[in-house]
$ cat my_file34.pdb   # PDB, C-alpha atoms and all ligand atoms
MODEL        1
ATOM      1  CA  MET A   1       0.000   0.000   0.000  1.00  0.00           C
ATOM      2  CA  ARG A   2       2.765   2.382   0.827  1.00  0.00           C
ATOM      3  CA  ALA A   3       4.361   1.615  -2.429  1.00  0.00           C
ATOM      4  CA  ILE A   4       1.193   2.492  -4.282  1.00  0.00           C
ATOM      5  CA  ILE A   5       0.865   5.770  -2.453  1.00  0.00           C
ATOM      6  CA  PHE A   6       4.467   6.551  -3.111  1.00  0.00           C
ATOM      7  CA  VAL A   7       4.017   5.893  -6.800  1.00  0.00           C
ATOM      8  CA  LEU A   8       0.927   8.073  -6.885  1.00  0.00           C
ATOM      9  CA  LEU A   9       2.782  10.883  -5.215  1.00  0.00           C
ATOM     10  CA  LEU A  10       5.557  10.525  -7.703  1.00  0.00           C
ATOM     11  CA  LEU A  11       3.077  10.671 -10.559  1.00  0.00           C
ATOM     12  CA  ILE A  12       1.355  13.734  -9.087  1.00  0.00           C
ATOM     13  CA  GLY A  13       4.672  15.415  -8.568  1.00  0.00           C
ATOM     14  CA  ALA A  14       5.764  14.585 -12.041  1.00  0.00           C
ATOM     15  CA  SER A  15       2.543  15.819 -13.543  1.00  0.00           C
ATOM     16  CA  GLY A  16       2.954  19.100 -11.620  1.00  0.00           C
ATOM     17  CA  CYS A  17       6.364  19.566 -13.105  1.00  0.00           C
ATOM     18  CA  ILE A  18       5.129  19.278 -16.611  1.00  0.00           C
ATOM     19  CA  VAL A  19       2.029  21.418 -16.139  1.00  0.00           C
ATOM     20  CA  SER A  20       2.252  24.022 -18.758  1.00  0.00           C
ATOM     21  CA  VAL A  21       1.598  27.586 -17.723  1.00  0.00           C
ATOM     22  CA  ASP A  22      -0.418  29.751 -20.038  1.00  0.00           C
ATOM     23  CA  PRO A  23       1.889  32.698 -20.860  1.00  0.00           C
ATOM     24  CA  ARG A  24      -1.119  35.063 -21.125  1.00  0.00           C
ATOM     25  CA  ALA A  25      -1.857  34.276 -17.504  1.00  0.00           C
ATOM     26  CA  LEU A  26       1.639  35.257 -16.633  1.00  0.00           C
ATOM     27  CA  ASP A  27       1.365  38.436 -18.687  1.00  0.00           C
ATOM     28  CA  GLU A  28      -1.762  39.400 -16.834  1.00  0.00           C
ATOM     29  CA  THR A  29      -0.044  39.130 -13.567  1.00  0.00           C
ATOM     30  CA  VAL A  30       3.180  40.752 -14.613  1.00  0.00           C
ATOM     31  CA  ASN A  31       2.241  43.322 -17.136  1.00  0.00           C
ATOM     32  CA  VAL A  32       0.362  46.397 -16.044  1.00  0.00           C
ATOM     33  CA  PRO A  33      -2.375  47.598 -18.398  1.00  0.00           C
ATOM     34  CA  VAL A  34      -1.139  50.454 -20.604  1.00  0.00           C
ATOM     35  CA  GLU A  35      -3.829  52.823 -19.552  1.00  0.00           C
ATOM     36  CA  ASN A  36      -2.876  52.457 -15.969  1.00  0.00           C
ATOM     37  CA  THR A  37       0.809  52.974 -16.589  1.00  0.00           C
ATOM     38  CA  PRO A  38       1.831  56.166 -14.826  1.00  0.00           C
ATOM     39  CA  VAL A  39       3.022  58.749 -17.361  1.00  0.00           C
ATOM     40  CA  GLU A  40       6.502  59.680 -16.596  1.00  0.00           C
ATOM     41  CA  ASN A  41       7.489  63.305 -17.087  1.00  0.00           C
ATOM     42  CA  PRO A  42       9.749  63.738 -20.113  1.00  0.00           C
ATOM     43  CA  PRO A  43      13.282  64.390 -19.203  1.00  0.00           C
ATOM     44  CA  VAL A  44      14.008  68.067 -18.942  1.00  0.00           C
ATOM     45  CA  VAL A  45      16.424  69.027 -21.632  1.00  0.00           C
ATOM     46  CA  ASN A  46      18.114  72.312 -20.979  1.00  0.00           C
ATOM     47  CA  PRO A  47      18.630  74.449 -24.106  1.00  0.00           C
ATOM     48  CA  PRO A  48      22.184  74.731 -25.201  1.00  0.00           C
ATOM     49  CA  VAL A  49      23.937  77.749 -23.851  1.00  0.00           C
ATOM     50  CA  VAL A  50      24.869  80.022 -26.724  1.00  0.00           C
ATOM     51  CA  VAL A  51      28.064  81.841 -26.046  1.00  0.00           C
ATOM     52  CA  PRO A  52      28.134  85.165 -27.903  1.00  0.00           C
ATOM     53  CA  PRO A  53      31.145  85.690 -30.104  1.00  0.00           C
ATOM     54  CA  THR A  54      33.740  87.754 -28.454  1.00  0.00           C
ATOM     55  CA  THR A  55      36.187  90.044 -30.191  1.00  0.00           C
ATOM     56  CA  PRO A  56      39.709  88.894 -29.840  1.00  0.00           C
ATOM     57  CA  PRO A  57      41.652  90.790 -27.270  1.00  0.00           C
ATOM     58  CA  VAL A  58      43.597  93.673 -28.709  1.00  0.00           C
ATOM     59  CA  ASP A  59      47.252  93.544 -28.205  1.00  0.00           C
ATOM     60  CA  THR A  60      47.892  97.045 -27.038  1.00  0.00           C
ATOM     61  CA  ASN A  61      51.557  96.629 -27.762  1.00  0.00           C
ATOM     62  CA  LEU A  62      50.804  96.459 -31.497  1.00  0.00           C
ATOM     63  CA  VAL A  63      48.410  99.403 -31.659  1.00  0.00           C
ATOM     64  CA  THR A  64      50.093 102.696 -32.350  1.00  0.00           C
ATOM     65  CA  PRO A  65      48.394 105.592 -30.650  1.00  0.00           C
ATOM     66  CA  PRO A  66      46.765 108.114 -33.004  1.00  0.00           C
ATOM     67  CA  VAL A  67      49.020 110.961 -33.859  1.00  0.00           C
ATOM     68  CA  ALA A  68      47.422 114.347 -33.773  1.00  0.00           C
ATOM     69  CA  PRO A  69      47.905 116.252 -37.024  1.00  0.00           C
ATOM     70  CA  PRO A  70      50.290 119.122 -36.765  1.00  0.00           C
ATOM     71  CA  VAL A  71      48.540 122.288 -35.879  1.00  0.00           C
ATOM     72  CA  THR A  72      49.200 124.904 -38.506  1.00  0.00           C
ATOM     73  CA  PRO A  73      48.927 128.354 -37.062  1.00  0.00           C
ATOM     74  CA  PRO A  74      46.689 130.643 -39.080  1.00  0.00           C
ATOM     75  CA  PRO A  75      48.545 133.079 -41.272  1.00  0.00           C
ATOM     76  CA  THR A  76      49.254 136.219 -39.439  1.00  0.00           C
ATOM     77  CA  VAL A  77      47.539 139.205 -40.986  1.00  0.00           C
ATOM     78  CA  PRO A  78      49.169 142.483 -40.192  1.00  0.00           C
ATOM     79  CA  ALA A  79      46.882 144.803 -38.350  1.00  0.00           C
ATOM     80  CA  THR A  80      48.220 147.882 -40.090  1.00  0.00           C
ATOM     81  CA  ILE A  81      49.800 148.741 -43.422  1.00  0.00           C
ATOM     82  CA  LEU A  82      52.432 151.354 -44.098  1.00  0.00           C
ATOM     83  CA  LEU A  83      51.641 153.194 -47.321  1.00  0.00           C
ATOM     84  CA  SER A  84      55.217 153.281 -48.576  1.00  0.00           C
ATOM     85  CA  LYS A  85      56.308 153.380 -52.220  1.00  0.00           C
ATOM     86  CA  THR A  86      57.580 149.843 -51.723  1.00  0.00           C
ATOM     87  CA  GLN A  87      54.173 148.763 -50.490  1.00  0.00           C
ATOM     88  CA  VAL A  88      52.475 150.399 -53.480  1.00  0.00           C
ATOM     89  CA  ALA A  89      54.874 148.698 -55.865  1.00  0.00           C
ATOM     90  CA  ALA A  90      53.471 145.345 -54.712  1.00  0.00           C
ATOM     91  CA  TYR A  91      50.140 146.204 -56.392  1.00  0.00           C
ATOM     92  CA  SER A  92      51.095 146.490 -60.039  1.00  0.00           C
ATOM     93  CA  ALA A  93      48.405 144.377 -61.703  1.00  0.00           C
ATOM     94  CA  LYS A  94      45.164 145.660 -63.226  1.00  0.00           C
ATOM     95  CA  LYS A  95      43.043 143.681 -60.745  1.00  0.00           C
ATOM     96  CA  ASP A  96      45.349 144.611 -57.874  1.00  0.00           C
ATOM     97  CA  CYS A  97      46.268 148.168 -58.735  1.00  0.00           C
ATOM     98  CA  TRP A  98      47.492 150.832 -56.361  1.00  0.00           C
ATOM     99  CA  VAL A  99      48.674 154.169 -57.730  1.00  0.00           C
ATOM    100  CA  ILE A 100      50.231 157.326 -56.249  1.00  0.00           C
ATOM    101  CA  TYR A 101      48.836 160.700 -57.218  1.00  0.00           C
ATOM    102  CA  SER A 102      50.077 163.976 -55.696  1.00  0.00           C
ATOM    103  CA  GLY A 103      51.513 162.263 -52.609  1.00  0.00           C
ATOM    104  CA  SER A 104      48.486 160.031 -51.895  1.00  0.00           C
ATOM    105  CA  VAL A 105      47.885 156.336 -52.473  1.00  0.00           C
ATOM    106  CA  TYR A 106      44.792 155.088 -54.308  1.00  0.00           C
ATOM    107  CA  ASN A 107      43.500 151.563 -54.713  1.00  0.00           C
ATOM    108  CA  VAL A 108      41.908 151.589 -58.173  1.00  0.00           C
ATOM    109  CA  SER A 109      41.623 147.797 -58.440  1.00  0.00           C
ATOM    110  CA  SER A 110      37.852 148.032 -58.811  1.00  0.00           C
ATOM    111  CA  TYR A 111      37.943 150.790 -61.411  1.00  0.00           C
ATOM    112  CA  THR A 112      37.056 148.877 -64.553  1.00  0.00           C
ATOM    113  CA  SER A 113      35.260 151.566 -66.599  1.00  0.00           C
ATOM    114  CA  HIS A 114      38.052 153.934 -67.495  1.00  0.00           C
ATOM    115  CA  PRO A 115      37.022 155.856 -70.586  1.00  0.00           C
ATOM    116  CA  GLY A 116      40.628 155.843 -71.737  1.00  0.00           C
ATOM    117  CA  GLY A 117      40.799 152.044 -71.577  1.00  0.00           C
ATOM    118  CA  ASN A 118      43.836 150.330 -70.131  1.00  0.00           C
ATOM    119  CA  VAL A 119      46.195 153.258 -70.646  1.00  0.00           C
ATOM    120  CA  TYR A 120      46.465 153.720 -66.896  1.00  0.00           C
ATOM    121  CA  VAL A 121      47.405 150.075 -66.203  1.00  0.00           C
ATOM    122  CA  PRO A 122      51.164 150.539 -66.715  1.00  0.00           C
ATOM    123  CA  TYR A 123      51.007 152.986 -63.814  1.00  0.00           C
ATOM    124  CA  CYS A 124      49.723 150.425 -61.367  1.00  0.00           C
ATOM    125  CA  GLY A 125      52.241 150.248 -58.520  1.00  0.00           C
ATOM    126  CA  LYS A 126      53.743 153.588 -59.548  1.00  0.00           C
ATOM    127  CA  ASP A 127      53.278 157.337 -59.345  1.00  0.00           C
ATOM    128  CA  MET A 128      50.866 158.445 -62.127  1.00  0.00           C
ATOM    129  CA  THR A 129      50.727 162.129 -61.218  1.00  0.00           C
ATOM    130  CA  LYS A 130      52.438 163.436 -64.306  1.00  0.00           C
ATOM    131  CA  ALA A 131      50.504 161.197 -66.739  1.00  0.00           C
ATOM    132  CA  PHE A 132      47.141 161.902 -65.136  1.00  0.00           C
ATOM    133  CA  ASN A 133      47.686 165.667 -65.220  1.00  0.00           C
ATOM    134  CA  GLN A 134      49.008 165.620 -68.780  1.00  0.00           C
ATOM    135  CA  GLN A 135      45.761 164.022 -69.892  1.00  0.00           C
ATOM    136  CA  GLY A 136      43.860 166.975 -68.576  1.00  0.00           C
ATOM    137  CA  HIS A 137      41.261 164.963 -66.670  1.00  0.00           C
ATOM    138  CA  SER A 138      38.047 166.676 -65.617  1.00  0.00           C
ATOM    139  CA  THR A 139      36.904 167.320 -62.040  1.00  0.00           C
ATOM    140  CA  LYS A 140      34.694 164.275 -62.547  1.00  0.00           C
ATOM    141  CA  ALA A 141      37.851 162.213 -62.973  1.00  0.00           C
ATOM    142  CA  ASP A 142      39.245 163.793 -59.804  1.00  0.00           C
ATOM    143  CA  LYS A 143      36.120 162.804 -57.848  1.00  0.00           C
ATOM    144  CA  ILE A 144      36.269 159.264 -59.118  1.00  0.00           C
ATOM    145  CA  LEU A 145      39.897 159.052 -58.112  1.00  0.00           C
ATOM    146  CA  SER A 146      39.264 160.480 -54.636  1.00  0.00           C
ATOM    147  CA  GLY A 147      36.800 157.663 -54.004  1.00  0.00           C
ATOM    148  CA  PHE A 148      39.707 155.189 -54.077  1.00  0.00           C
ATOM    149  CA  LEU A 149      41.911 157.043 -51.562  1.00  0.00           C
ATOM    150  CA  LEU A 150      43.797 154.927 -49.016  1.00  0.00           C
ATOM    151  CA  GLY A 151      45.913 157.647 -47.436  1.00  0.00           C
ATOM    152  CA  LYS A 152      49.038 159.685 -47.815  1.00  0.00           C
ATOM    153  CA  VAL A 153      52.350 158.149 -48.710  1.00  0.00           C
ATOM    154  CA  GLY A 154      54.154 157.199 -45.468  1.00  0.00           C
ATOM    155  CA  GLU A 155      50.909 156.965 -43.509  1.00  0.00           C
ATOM    156  CA  THR A 156      50.024 153.833 -41.521  1.00  0.00           C
ATOM    157  CA  ILE A 157      46.444 152.706 -42.002  1.00  0.00           C
ATOM    158  CA  PRO A 158      44.401 149.783 -40.616  1.00  0.00           C
ATOM    159  CA  ALA A 159      44.734 146.699 -42.785  1.00  0.00           C
ATOM    160  CA  SER A 160      40.975 146.278 -42.670  1.00  0.00           C
ATOM    161  CA  SER A 161      40.530 149.466 -44.699  1.00  0.00           C
ATOM    162  CA  VAL A 162      42.367 148.110 -47.723  1.00  0.00           C
TER     163      VAL A 162
HETATM  164  C1  LIG A 201      43.450 155.498 -62.359  1.00  0.00           C
HETATM  165  C2  LIG A 201      42.981 156.713 -62.225  1.00  0.00           C
HETATM  166  C3  LIG A 201      42.216 157.341 -63.332  1.00  0.00           C
HETATM  167  C4  LIG A 201      40.956 157.715 -63.333  1.00  0.00           C
HETATM  168  C5  LIG A 201      39.980 157.577 -62.177  1.00  0.00           C
HETATM  169  C6  LIG A 201      40.624 158.247 -64.602  1.00  0.00           C
HETATM  170  C7  LIG A 201      39.421 158.719 -64.975  1.00  0.00           C
HETATM  171  C8  LIG A 201      39.077 159.166 -66.254  1.00  0.00           C
HETATM  172  C9  LIG A 201      37.807 159.708 -66.664  1.00  0.00           C
HETATM  173  C10 LIG A 201      36.607 159.877 -65.753  1.00  0.00           C
HETATM  174  C11 LIG A 201      37.881 160.045 -67.944  1.00  0.00           C
HETATM  175  C12 LIG A 201      36.754 160.607 -68.807  1.00  0.00           C
HETATM  176  C13 LIG A 201      37.086 162.097 -69.188  1.00  0.00           C
HETATM  177  C14 LIG A 201      37.161 162.914 -67.935  1.00  0.00           C
HETATM  178  O1  LIG A 201      36.111 162.975 -67.255  1.00  0.00           O
HETATM  179  O2  LIG A 201      38.210 163.487 -67.720  1.00  0.00           O
HETATM  180  C15 LIG A 201      39.182 159.662 -68.365  1.00  0.00           C
HETATM  181  C16 LIG A 201      39.653 159.802 -69.652  1.00  0.00           C
HETATM  182  C17 LIG A 201      40.909 159.538 -70.030  1.00  0.00           C
HETATM  183  N1  LIG A 201      41.947 159.085 -69.251  1.00  0.00           N
HETATM  184 FE1  LIG A 201      41.819 158.681 -67.322  1.00  0.00          FE
HETATM  185  N2  LIG A 201      41.729 158.211 -65.396  1.00  0.00           N
HETATM  186  C18 LIG A 201      42.710 157.665 -64.625  1.00  0.00           C
HETATM  187  C19 LIG A 201      44.031 157.462 -64.982  1.00  0.00           C
HETATM  188  C20 LIG A 201      44.517 157.782 -66.221  1.00  0.00           C
HETATM  189  C21 LIG A 201      45.907 157.720 -66.576  1.00  0.00           C
HETATM  190  C22 LIG A 201      47.013 157.328 -65.604  1.00  0.00           C
HETATM  191  C23 LIG A 201      45.972 158.041 -67.855  1.00  0.00           C
HETATM  192  C24 LIG A 201      47.167 158.164 -68.644  1.00  0.00           C
HETATM  193  C25 LIG A 201      48.083 157.264 -68.802  1.00  0.00           C
HETATM  194  C26 LIG A 201      44.640 158.287 -68.325  1.00  0.00           C
HETATM  195  C27 LIG A 201      44.329 158.598 -69.584  1.00  0.00           C
HETATM  196  C28 LIG A 201      43.033 158.959 -70.008  1.00  0.00           C
HETATM  197  C29 LIG A 201      42.701 159.296 -71.386  1.00  0.00           C
HETATM  198  C30 LIG A 201      43.636 159.230 -72.557  1.00  0.00           C
HETATM  199  C31 LIG A 201      41.372 159.679 -71.375  1.00  0.00           C
HETATM  200  C32 LIG A 201      40.605 160.177 -72.493  1.00  0.00           C
HETATM  201  C33 LIG A 201      39.734 159.209 -73.151  1.00  0.00           C
HETATM  202  C34 LIG A 201      38.999 159.826 -74.249  1.00  0.00           C
HETATM  203  O3  LIG A 201      39.125 161.052 -74.420  1.00  0.00           O
HETATM  204  O4  LIG A 201      38.301 159.066 -74.887  1.00  0.00           O
HETATM  205  N3  LIG A 201      43.778 158.147 -67.315  1.00  0.00           N
HETATM  206  N4  LIG A 201      39.907 159.183 -67.342  1.00  0.00           N
ENDMDL
END
$ encode --input "my_file34.pdb" --output "structure tokens" --more "lines below"
Ligand code: HEM
Amino acid sequence: MRAIIFVLLLLIGASGCIVSVDPRALDETVNVPVENTPVENPPVVNPPVVVPPTTPPVDTNLVTPPVAPPVTPPPTVPATILLSKTQVAAYSAKKDCWVIYSGSVYNVSSYTSHPGGNVYVPYCGKDMTKAFNQQGHSTKADKILSGFLLGKVGETIPASSV
């Protein structure tokens, strides 16, 4: 009798060893339904840090300091002018014409309507007294001439009056 029971137990044990397990049953116990799966937060991805471009450091040893341009002093303008014969001689052109008449200096540079034409031009920078008188000019000519008076020969006048 014991032998029979022993054999039965062996058979039962053996049959338990070969009992196949339905995999779906295992899945039900192991796997969690999808809808119940807790949603995990997506990993936080930090944006890349953009480093602004930087200008290369300046080597101050290679940079020459700016050189200030030379300061040119303004031309000095004399405040006064001496009406000497030498000074008059410097104005011997038609457009820059000074003449001496009876001891006075005249700037006739702007006199462009001489009825006698350019006959007076050779006297620019010189004394024209003799030539002017020889022509026998009228008092009208005298008045025109007096309008160009600068001063007497040897007199010092302000440069602004020229
Ligand atoms: C720069 C100062 C001069 C002035 C302001 C001047 C002015 C005049 C004027 C106003 C006249 C018209 C006639 C009269 O009103 O007498 C005239 C005529 C004349 N001038 Fe002069 N004159 C000047 C210099 C000279 C000189 C230096 C000469 C000689 C080289 C000269 C020769 C003449 C001649 C030949 C005429 C006559 C023209 C004609 O009859 O058609 N002038 N002048």
$ resolve_selection --input "my_file34.pdb" --expression "the PyMOL selection byres (((chain A and resi 146) around 10) and not hetatm)" --output "PDB file with C-alpha atoms, in the frame of the given file"
ATOM      1  CA  TYR A 101      48.836 160.700 -57.218  1.00  0.00           C
ATOM      2  CA  SER A 104      48.486 160.031 -51.895  1.00  0.00           C
ATOM      3  CA  VAL A 105      47.885 156.336 -52.473  1.00  0.00           C
ATOM      4  CA  TYR A 106      44.792 155.088 -54.308  1.00  0.00           C
ATOM      5  CA  ASN A 107      43.500 151.563 -54.713  1.00  0.00           C
ATOM      6  CA  VAL A 108      41.908 151.589 -58.173  1.00  0.00           C
ATOM      7  CA  LYS A 140      34.694 164.275 -62.547  1.00  0.00           C
ATOM      8  CA  ALA A 141      37.851 162.213 -62.973  1.00  0.00           C
ATOM      9  CA  ASP A 142      39.245 163.793 -59.804  1.00  0.00           C
ATOM     10  CA  LYS A 143      36.120 162.804 -57.848  1.00  0.00           C
ATOM     11  CA  ILE A 144      36.269 159.264 -59.118  1.00  0.00           C
ATOM     12  CA  LEU A 145      39.897 159.052 -58.112  1.00  0.00           C
ATOM     13  CA  GLY A 147      36.800 157.663 -54.004  1.00  0.00           C
ATOM     14  CA  PHE A 148      39.707 155.189 -54.077  1.00  0.00           C
ATOM     15  CA  LEU A 149      41.911 157.043 -51.562  1.00  0.00           C
ATOM     16  CA  LEU A 150      43.797 154.927 -49.016  1.00  0.00           C
TER      17      LEU A 150
END
$ residues_near_ligand --input "my_file34.pdb" --ligand "ligand LIG 201 (chain A)" --cutoff "12 Å" --atoms "all atoms listed in the file" --output "number ranges by chain"
A: 94-101, 105-149
$ atom_distance --input "my_file34.pdb" --atom1 "CA of Ala89 (chain A)" --atom2 "CA of Pro73 (chain A)"
28.3 Å
$ atom_distance --input "my_file34.pdb" --atom1 "CA of Val88 (chain A)" --atom2 "CA of Pro74 (chain A)"
25.1 Å
$ atom_distance --input "my_file34.pdb" --atom1 "CA of Val67 (chain A)" --atom2 "CA of Thr55 (chain A)"
24.8 Å
$ residues_near_point --input "my_file34.pdb" --point "(53.7, 147.2, -40.9)" --cutoff "12 Å" --atoms "all atoms listed in the file" --output "mmCIF file with C-alpha atoms, in the coordinates of the input"
data_model
loop_
_atom_site.group_PDB
_atom_site.id
_atom_site.type_symbol
_atom_site.label_atom_id
_atom_site.label_comp_id
_atom_site.auth_asym_id
_atom_site.auth_seq_id
_atom_site.Cartn_x
_atom_site.Cartn_y
_atom_site.Cartn_z
ATOM 1 C CA THR A 76 49.254 136.219 -39.439
ATOM 2 C CA VAL A 77 47.539 139.205 -40.986
ATOM 3 C CA PRO A 78 49.169 142.483 -40.192
ATOM 4 C CA ALA A 79 46.882 144.803 -38.350
ATOM 5 C CA THR A 80 48.220 147.882 -40.090
ATOM 6 C CA ILE A 81 49.800 148.741 -43.422
ATOM 7 C CA LEU A 82 52.432 151.354 -44.098
ATOM 8 C CA LEU A 83 51.641 153.194 -47.321
ATOM 9 C CA SER A 84 55.217 153.281 -48.576
ATOM 10 C CA THR A 86 57.580 149.843 -51.723
ATOM 11 C CA GLN A 87 54.173 148.763 -50.490
ATOM 12 C CA GLY A 154 54.154 157.199 -45.468
ATOM 13 C CA GLU A 155 50.909 156.965 -43.509
ATOM 14 C CA THR A 156 50.024 153.833 -41.521
ATOM 15 C CA ILE A 157 46.444 152.706 -42.002
ATOM 16 C CA PRO A 158 44.401 149.783 -40.616
ATOM 17 C CA ALA A 159 44.734 146.699 -42.785
#
$ axis_aligned_box --input "my_file34.pdb" --around "region 121-133 of chain A" --padding-each-side "5 Å" --output "JSON"
{"center_x": 50.4, "center_y": 157.9, "center_z": -62.6, "size_x": 16.6, "size_y": 25.6, "size_z": 18.2}
